Structures are given as structure tokens and as C-alpha cells.
$ cat start.tsv   # TSV, C-alpha atoms
chain	number	residue	atom	x	y	z
A	1433	MET	CA	-105.06	53.27	25.91
A	1434	ASP	CA	-106.50	50.67	23.63
A	1435	PHE	CA	-109.80	50.87	21.76
A	1436	ASN	CA	-111.75	48.80	24.33
A	1437	THR	CA	-110.62	51.01	27.22
A	1438	GLU	CA	-111.50	54.18	25.31
A	1439	PHE	CA	-114.86	52.77	24.25
A	1440	MET	CA	-115.73	51.74	27.82
A	1441	ALA	CA	-114.74	55.20	29.09
A	1442	PHE	CA	-116.96	56.74	26.40
A	1443	LEU	CA	-119.89	54.51	27.44
A	1444	ASN	CA	-119.39	55.35	31.12
A	1445	GLU	CA	-119.45	59.07	30.32
A	1446	ARG	CA	-122.66	58.67	28.31
A	1447	CYS	CA	-124.31	56.69	31.11
A	1448	ARG	CA	-123.31	59.40	33.59
A	1449	SER	CA	-124.77	62.13	31.39
A	1450	PHE	CA	-128.06	60.21	31.08
A	1451	LYS	CA	-128.08	59.80	34.85
A	1452	TYR	CA	-127.79	63.58	35.29
A	1453	ALA	CA	-130.49	64.21	32.69
A	1454	PHE	CA	-132.91	61.84	34.43
A	1455	ALA	CA	-132.07	63.48	37.76
A	1456	GLY	CA	-133.16	66.81	36.26
A	1457	ILE	CA	-136.42	65.34	35.00
A	1458	ILE	CA	-137.10	63.73	38.38
A	1459	TYR	CA	-136.29	67.01	40.15
A	1460	THR	CA	-138.82	68.82	37.98
A	1461	PHE	CA	-141.60	66.34	38.77
A	1462	ARG	CA	-140.73	66.29	42.48
A	1463	THR	CA	-140.80	70.06	42.87
A	1464	GLN	CA	-143.22	71.44	40.28
A	1465	ALA	CA	-146.97	70.88	40.51
A	1466	ASN	CA	-147.40	72.17	36.97
A	1467	ALA	CA	-145.18	69.36	35.69
A	1468	TRP	CA	-147.71	66.88	37.05
A	1469	ILE	CA	-150.58	68.78	35.47
A	1470	HIS	CA	-148.78	68.69	32.12
A	1471	ALA	CA	-147.97	65.00	32.52
A	1472	ILE	CA	-151.60	64.16	33.29
A	1473	GLY	CA	-152.68	66.18	30.25
A	1474	GLY	CA	-150.15	64.28	28.16
A	1475	VAL	CA	-151.38	60.91	29.39
A	1476	LEU	CA	-154.98	61.93	28.66
A	1477	ALA	CA	-153.97	63.04	25.16
A	1478	LEU	CA	-152.20	59.72	24.56
A	1479	ALA	CA	-155.23	57.77	25.81
A	1480	ALA	CA	-157.56	59.84	23.62
A	1481	GLY	CA	-155.27	59.26	20.66
A	1482	PHE	CA	-155.45	55.50	21.08
A	1483	PHE	CA	-159.20	55.53	21.75
A	1484	LEU	CA	-160.00	57.78	18.80
A	1485	ARG	CA	-157.44	56.12	16.51
A	1486	ILE	CA	-155.75	59.27	15.35
A	1487	SER	CA	-153.59	59.16	12.21
A	1488	SER	CA	-149.79	58.94	12.09
A	1489	GLY	CA	-149.58	62.62	11.19
A	1490	GLU	CA	-151.80	63.53	14.12
A	1491	TRP	CA	-149.65	61.40	16.42
A	1492	ILE	CA	-146.61	63.41	15.35
A	1493	PHE	CA	-148.29	66.66	16.42
A	1494	VAL	CA	-149.54	65.18	19.70
A	1495	VAL	CA	-146.12	63.77	20.64
A	1496	ILE	CA	-144.34	67.02	19.70
A	1497	ALA	CA	-146.89	69.01	21.72
A	1498	ILE	CA	-146.48	66.81	24.81
A	1499	GLY	CA	-142.69	66.82	24.55
A	1500	SER	CA	-142.60	70.58	24.03
A	1501	VAL	CA	-144.73	71.26	27.10
A	1502	ILE	CA	-142.64	69.02	29.35
A	1503	THR	CA	-139.44	70.53	27.92
A	1504	ALA	CA	-140.73	74.07	28.50
A	1505	GLU	CA	-141.59	73.17	32.09
A	1506	ILE	CA	-138.08	71.78	32.64
A	1507	PHE	CA	-136.53	74.95	31.17
A	1508	ASN	CA	-138.81	77.06	33.37
A	1509	THR	CA	-137.76	75.06	36.44
A	1510	SER	CA	-134.08	75.42	35.55
A	1511	MET	CA	-134.44	79.16	35.00
A	1512	GLU	CA	-136.16	79.59	38.36
A	1513	ALA	CA	-133.41	77.61	40.11
A	1514	LEU	CA	-130.69	79.64	38.40
A	1515	VAL	CA	-132.34	82.96	39.24
A	1516	ASP	CA	-132.75	81.87	42.87
A	1517	LEU	CA	-129.06	80.93	42.96
A	1518	VAL	CA	-127.69	84.17	41.54
A	1519	SER	CA	-130.27	86.45	43.13
A	1520	PRO	CA	-131.55	85.02	46.43
A	1521	GLU	CA	-132.91	88.40	47.49
A	1522	HIS	CA	-135.89	89.90	45.64
A	1523	GLN	CA	-134.88	91.96	42.62
A	1524	GLU	CA	-137.14	93.31	39.89
A	1525	LYS	CA	-134.99	91.94	37.04
A	1526	ALA	CA	-134.94	88.50	38.66
A	1527	ARG	CA	-138.74	88.57	38.82
A	1528	VAL	CA	-138.90	89.56	35.15
A	1529	VAL	CA	-136.66	86.64	34.16
A	1530	LYS	CA	-138.85	84.21	36.12
A	1531	ASP	CA	-142.03	85.70	34.61
A	1532	LEU	CA	-140.61	85.42	31.08
A	1533	SER	CA	-139.70	81.80	31.65
A	1534	ALA	CA	-143.13	81.00	33.07
A	1535	GLY	CA	-144.73	82.86	30.16
A	1536	ALA	CA	-142.85	80.72	27.66
A	1537	ALA	CA	-144.08	77.57	29.41
A	1538	LEU	CA	-147.63	78.94	29.38
A	1539	ILE	CA	-147.52	79.74	25.66
A	1540	THR	CA	-146.19	76.25	24.94
A	1541	SER	CA	-149.03	74.75	26.99
A	1542	LEU	CA	-151.62	76.86	25.18
A	1543	MET	CA	-150.21	75.79	21.80
A	1544	ALA	CA	-150.48	72.16	22.88
A	1545	LEU	CA	-154.06	72.74	23.99
A	1546	ILE	CA	-154.92	74.26	20.61
A	1547	ILE	CA	-153.29	71.33	18.81
A	1548	GLY	CA	-155.30	68.95	20.99
A	1549	CYS	CA	-158.53	70.80	20.23
A	1550	ILE	CA	-157.84	70.80	16.48
A	1551	ILE	CA	-157.14	67.06	16.49
A	1552	PHE	CA	-159.58	65.76	19.09
A	1553	ILE	CA	-162.73	67.91	18.99
A	1554	PRO	CA	-163.78	66.85	15.46
A	1555	LYS	CA	-163.13	63.20	16.32
A	1556	ILE	CA	-165.06	63.41	19.59
A	1557	LEU	CA	-167.98	65.12	17.85
A	1558	HIS	CA	-167.91	62.51	15.09
A	1559	PHE	CA	-167.81	59.74	17.70
A	1560	PHE	CA	-170.91	61.04	19.48
A	1561	ILE	CA	-172.84	62.00	16.32
A	1562	THR	CA	-172.29	58.66	14.55
A	1563	ASP	CA	-172.65	56.67	17.77
A	1564	THR	CA	-176.07	58.06	18.66
A	1565	ALA	CA	-177.56	58.26	15.16
$ encode --input "start.tsv" --output "C-alpha cells"
Amino acid sequence: MDFNTEFMAFLNERCRSFKYAFAGIIYTFRTQANAWIHAIGGVLALAAGFFLRISSGEWIFVVIAIGSVITAEIFNTSMEALVDLVSPEHQEKARVVKDLSAGAALITSLMALIIGCIIFIPKILHFFITDTA
């Protein structure tokens, strides 16, 4: 094999792996209502960030928070699918695994909410106090 053939094979493999990754993201949004709730929250946070002109440092926290919540939801979805595959009948340990996964997604969402409150509440208050005075 020459370099061009190897490089093209490498690119094809990378494209295939991205295709699978996007399929997983799409699956999550097609099957999980919470993913849509998180996405709407993320879009609202982005809109608020633009409207309130948050700083670069604040943007870093907002983007990390949004990405973490979506990632946690994807991991939760994958864990639920795996548990359903290996344990189709109800088992207490399977329920515990699903609850732990959902709990991790919930904690991530609450952390993102706290980050949003820390960043946005002072700016919203300042906006209304200086706008009406």
C-alpha cells in the first residue's frame, strides 16, 4: 500500500466513526425527552449569554456546562440501553444501575443550573435595575 491509499483508508475510518457518533447523538434526541429539555435549556443559556454580553471566562463555564449536561444525558441513555440488553427482565441491580446513571445526569444538570444562576442572575438584576432607574 502506498501513502495515498493508507491515508484515504484512514480518512474513511474517521468518517465512519463520526457517522456512528452522530447516530448516537441523534438516537438520544429521538428517544429521550430529557435530552430535548437540556437542549432547550442550552439554547436559552446561549441566547442569554449573547443578550447579556457575558465575558469570555463566563462563556467557558456556560459551554462546559451545556456540553456536560448533554454528555451526561448521552451516557445515561447508553447505560439504560446496555442494562436493557443484558437484563431484559426486571432485576433490582439493573434498576440500581439505571438509577445511578440517571442520578449522575441529574447532578450534572443541577451543577449547570447553579453555574447559570451564578452567571446570569447578577446580570439580569443589573439589567433591570439600571434599565429602570
$ closest_residue --input "start.tsv" --among "A:Gly1499, A:Gly1481, A:Phe1461, A:Ser1533" --to "Ile1553 in chain A" --atoms "all atoms listed in the file"
A:Gly1481
$ closest_residue --input "start.tsv" --among "A:Ala1526, A:Ile1561, A:Ala1544, A:Ile1551" --to "Ser1487 in chain A" --atoms "all atoms listed in the file"
A:Ile1551
$ atom_distance --input "start.tsv" --atom1 "CA of Ile1550 in chain A" --atom2 "CA of Val1475 in chain A"
17.5 Å
$ closest_residue --input "start.tsv" --among "A:Ile1496, A:Ile1472, A:Ile1502, A:Ile1556" --to "Gly1456 in chain A" --atoms "all atoms listed in the file"
A:Ile1502
$ atom_distance --input "start.tsv" --atom1 "CA of Gln1464 in chain A" --atom2 "CA of Glu1505 in chain A"
8.5 Å
$ build_atoms --input "start.tsv" --residues "range 1457-1493 of chain A" --atoms "N, CA and C atoms" --output "PDB file, in the coordinates of the input"
ATOM      1  N   ILE A1457    -135.004  65.616  35.263  1.00  0.00           N
ATOM      2  CA  ILE A1457    -136.420  65.340  35.000  1.00  0.00           C
ATOM      3  C   ILE A1457    -137.134  64.991  36.306  1.00  0.00           C
ATOM      4  N   ILE A1458    -136.512  64.132  37.097  1.00  0.00           N
ATOM      5  CA  ILE A1458    -137.100  63.730  38.380  1.00  0.00           C
ATOM      6  C   ILE A1458    -137.241  64.940  39.296  1.00  0.00           C
ATOM      7  N   TYR A1459    -136.226  65.802  39.328  1.00  0.00           N
ATOM      8  CA  TYR A1459    -136.290  67.010  40.150  1.00  0.00           C
ATOM      9  C   TYR A1459    -137.497  67.862  39.756  1.00  0.00           C
ATOM     10  N   THR A1460    -137.699  68.012  38.460  1.00  0.00           N
ATOM     11  CA  THR A1460    -138.820  68.820  37.980  1.00  0.00           C
ATOM     12  C   THR A1460    -140.143  68.245  38.481  1.00  0.00           C
ATOM     13  N   PHE A1461    -140.336  66.943  38.353  1.00  0.00           N
ATOM     14  CA  PHE A1461    -141.600  66.340  38.770  1.00  0.00           C
ATOM     15  C   PHE A1461    -141.759  66.291  40.282  1.00  0.00           C
ATOM     16  N   ARG A1462    -140.650  66.279  41.008  1.00  0.00           N
ATOM     17  CA  ARG A1462    -140.730  66.290  42.480  1.00  0.00           C
ATOM     18  C   ARG A1462    -141.071  67.666  43.032  1.00  0.00           C
ATOM     19  N   THR A1463    -140.681  68.709  42.304  1.00  0.00           N
ATOM     20  CA  THR A1463    -140.800  70.060  42.870  1.00  0.00           C
ATOM     21  C   THR A1463    -141.833  70.945  42.189  1.00  0.00           C
ATOM     22  N   GLN A1464    -142.344  70.551  41.039  1.00  0.00           N
ATOM     23  CA  GLN A1464    -143.220  71.440  40.280  1.00  0.00           C
ATOM     24  C   GLN A1464    -144.594  70.797  40.068  1.00  0.00           C
ATOM     25  N   ALA A1465    -145.606  71.386  40.681  1.00  0.00           N
ATOM     26  CA  ALA A1465    -146.970  70.880  40.510  1.00  0.00           C
ATOM     27  C   ALA A1465    -147.416  70.975  39.058  1.00  0.00           C
ATOM     28  N   ASN A1466    -146.993  72.033  38.368  1.00  0.00           N
ATOM     29  CA  ASN A1466    -147.400  72.170  36.970  1.00  0.00           C
ATOM     30  C   ASN A1466    -146.861  71.038  36.096  1.00  0.00           C
ATOM     31  N   ALA A1467    -145.720  70.492  36.453  1.00  0.00           N
ATOM     32  CA  ALA A1467    -145.180  69.360  35.690  1.00  0.00           C
ATOM     33  C   ALA A1467    -146.142  68.178  35.753  1.00  0.00           C
ATOM     34  N   TRP A1468    -146.739  67.971  36.912  1.00  0.00           N
ATOM     35  CA  TRP A1468    -147.710  66.880  37.050  1.00  0.00           C
ATOM     36  C   TRP A1468    -148.975  67.164  36.255  1.00  0.00           C
ATOM     37  N   ILE A1469    -149.405  68.408  36.257  1.00  0.00           N
ATOM     38  CA  ILE A1469    -150.580  68.780  35.470  1.00  0.00           C
ATOM     39  C   ILE A1469    -150.311  68.521  33.992  1.00  0.00           C
ATOM     40  N   HIS A1470    -149.131  68.926  33.522  1.00  0.00           N
ATOM     41  CA  HIS A1470    -148.780  68.690  32.120  1.00  0.00           C
ATOM     42  C   HIS A1470    -148.673  67.202  31.813  1.00  0.00           C
ATOM     43  N   ALA A1471    -148.105  66.445  32.727  1.00  0.00           N
ATOM     44  CA  ALA A1471    -147.970  65.000  32.520  1.00  0.00           C
ATOM     45  C   ALA A1471    -149.340  64.331  32.445  1.00  0.00           C
ATOM     46  N   ILE A1472    -150.241  64.726  33.322  1.00  0.00           N
ATOM     47  CA  ILE A1472    -151.600  64.160  33.290  1.00  0.00           C
ATOM     48  C   ILE A1472    -152.274  64.524  31.975  1.00  0.00           C
ATOM     49  N   GLY A1473    -152.125  65.778  31.545  1.00  0.00           N
ATOM     50  CA  GLY A1473    -152.680  66.180  30.250  1.00  0.00           C
ATOM     51  C   GLY A1473    -152.094  65.359  29.115  1.00  0.00           C
ATOM     52  N   GLY A1474    -150.797  65.097  29.185  1.00  0.00           N
ATOM     53  CA  GLY A1474    -150.150  64.280  28.160  1.00  0.00           C
ATOM     54  C   GLY A1474    -150.674  62.856  28.137  1.00  0.00           C
ATOM     55  N   VAL A1475    -150.842  62.278  29.310  1.00  0.00           N
ATOM     56  CA  VAL A1475    -151.380  60.910  29.390  1.00  0.00           C
ATOM     57  C   VAL A1475    -152.808  60.866  28.847  1.00  0.00           C
ATOM     58  N   LEU A1476    -153.605  61.866  29.182  1.00  0.00           N
ATOM     59  CA  LEU A1476    -154.980  61.930  28.660  1.00  0.00           C
ATOM     60  C   LEU A1476    -154.977  62.066  27.138  1.00  0.00           C
ATOM     61  N   ALA A1477    -154.064  62.882  26.612  1.00  0.00           N
ATOM     62  CA  ALA A1477    -153.970  63.040  25.160  1.00  0.00           C
ATOM     63  C   ALA A1477    -153.557  61.724  24.494  1.00  0.00           C
ATOM     64  N   LEU A1478    -152.615  61.014  25.105  1.00  0.00           N
ATOM     65  CA  LEU A1478    -152.200  59.720  24.560  1.00  0.00           C
ATOM     66  C   LEU A1478    -153.361  58.721  24.580  1.00  0.00           C
ATOM     67  N   ALA A1479    -154.083  58.687  25.698  1.00  0.00           N
ATOM     68  CA  ALA A1479    -155.230  57.770  25.810  1.00  0.00           C
ATOM     69  C   ALA A1479    -156.296  58.126  24.765  1.00  0.00           C
ATOM     70  N   ALA A1480    -156.573  59.413  24.618  1.00  0.00           N
ATOM     71  CA  ALA A1480    -157.560  59.840  23.620  1.00  0.00           C
ATOM     72  C   ALA A1480    -157.095  59.478  22.216  1.00  0.00           C
ATOM     73  N   GLY A1481    -155.807  59.624  21.970  1.00  0.00           N
ATOM     74  CA  GLY A1481    -155.270  59.260  20.660  1.00  0.00           C
ATOM     75  C   GLY A1481    -155.467  57.801  20.332  1.00  0.00           C
ATOM     76  N   PHE A1482    -155.223  56.933  21.301  1.00  0.00           N
ATOM     77  CA  PHE A1482    -155.450  55.500  21.080  1.00  0.00           C
ATOM     78  C   PHE A1482    -156.940  55.202  20.916  1.00  0.00           C
ATOM     79  N   PHE A1483    -157.758  55.789  21.779  1.00  0.00           N
ATOM     80  CA  PHE A1483    -159.200  55.530  21.750  1.00  0.00           C
ATOM     81  C   PHE A1483    -159.827  56.018  20.447  1.00  0.00           C
ATOM     82  N   LEU A1484    -159.404  57.193  19.997  1.00  0.00           N
ATOM     83  CA  LEU A1484    -160.000  57.780  18.800  1.00  0.00           C
ATOM     84  C   LEU A1484    -159.251  57.417  17.524  1.00  0.00           C
ATOM     85  N   ARG A1485    -158.215  56.629  17.652  1.00  0.00           N
ATOM     86  CA  ARG A1485    -157.440  56.120  16.510  1.00  0.00           C
ATOM     87  C   ARG A1485    -156.986  57.241  15.587  1.00  0.00           C
ATOM     88  N   ILE A1486    -156.224  58.159  16.149  1.00  0.00           N
ATOM     89  CA  ILE A1486    -155.750  59.270  15.350  1.00  0.00           C
ATOM     90  C   ILE A1486    -154.697  58.779  14.341  1.00  0.00           C
ATOM     91  N   SER A1487    -154.502  59.554  13.289  1.00  0.00           N
ATOM     92  CA  SER A1487    -153.590  59.160  12.210  1.00  0.00           C
ATOM     93  C   SER A1487    -152.131  59.335  12.634  1.00  0.00           C
ATOM     94  N   SER A1488    -151.231  58.809  11.818  1.00  0.00           N
ATOM     95  CA  SER A1488    -149.790  58.940  12.090  1.00  0.00           C
ATOM     96  C   SER A1488    -149.382  60.409  12.130  1.00  0.00           C
ATOM     97  N   GLY A1489    -149.895  61.194  11.205  1.00  0.00           N
ATOM     98  CA  GLY A1489    -149.580  62.620  11.190  1.00  0.00           C
ATOM     99  C   GLY A1489    -150.077  63.319  12.441  1.00  0.00           C
ATOM    100  N   GLU A1490    -151.267  62.954  12.890  1.00  0.00           N
ATOM    101  CA  GLU A1490    -151.800  63.530  14.120  1.00  0.00           C
ATOM    102  C   GLU A1490    -150.977  63.113  15.334  1.00  0.00           C
ATOM    103  N   TRP A1491    -150.501  61.877  15.329  1.00  0.00           N
ATOM    104  CA  TRP A1491    -149.650  61.400  16.420  1.00  0.00           C
ATOM    105  C   TRP A1491    -148.382  62.248  16.506  1.00  0.00           C
ATOM    106  N   ILE A1492    -147.831  62.592  15.347  1.00  0.00           N
ATOM    107  CA  ILE A1492    -146.610  63.410  15.350  1.00  0.00           C
ATOM    108  C   ILE A1492    -146.866  64.722  16.080  1.00  0.00           C
ATOM    109  N   PHE A1493    -147.980  65.388  15.762  1.00  0.00           N
ATOM    110  CA  PHE A1493    -148.290  66.660  16.420  1.00  0.00           C
ATOM    111  C   PHE A1493    -148.543  66.475  17.918  1.00  0.00           C
TER     112      PHE A1493
END
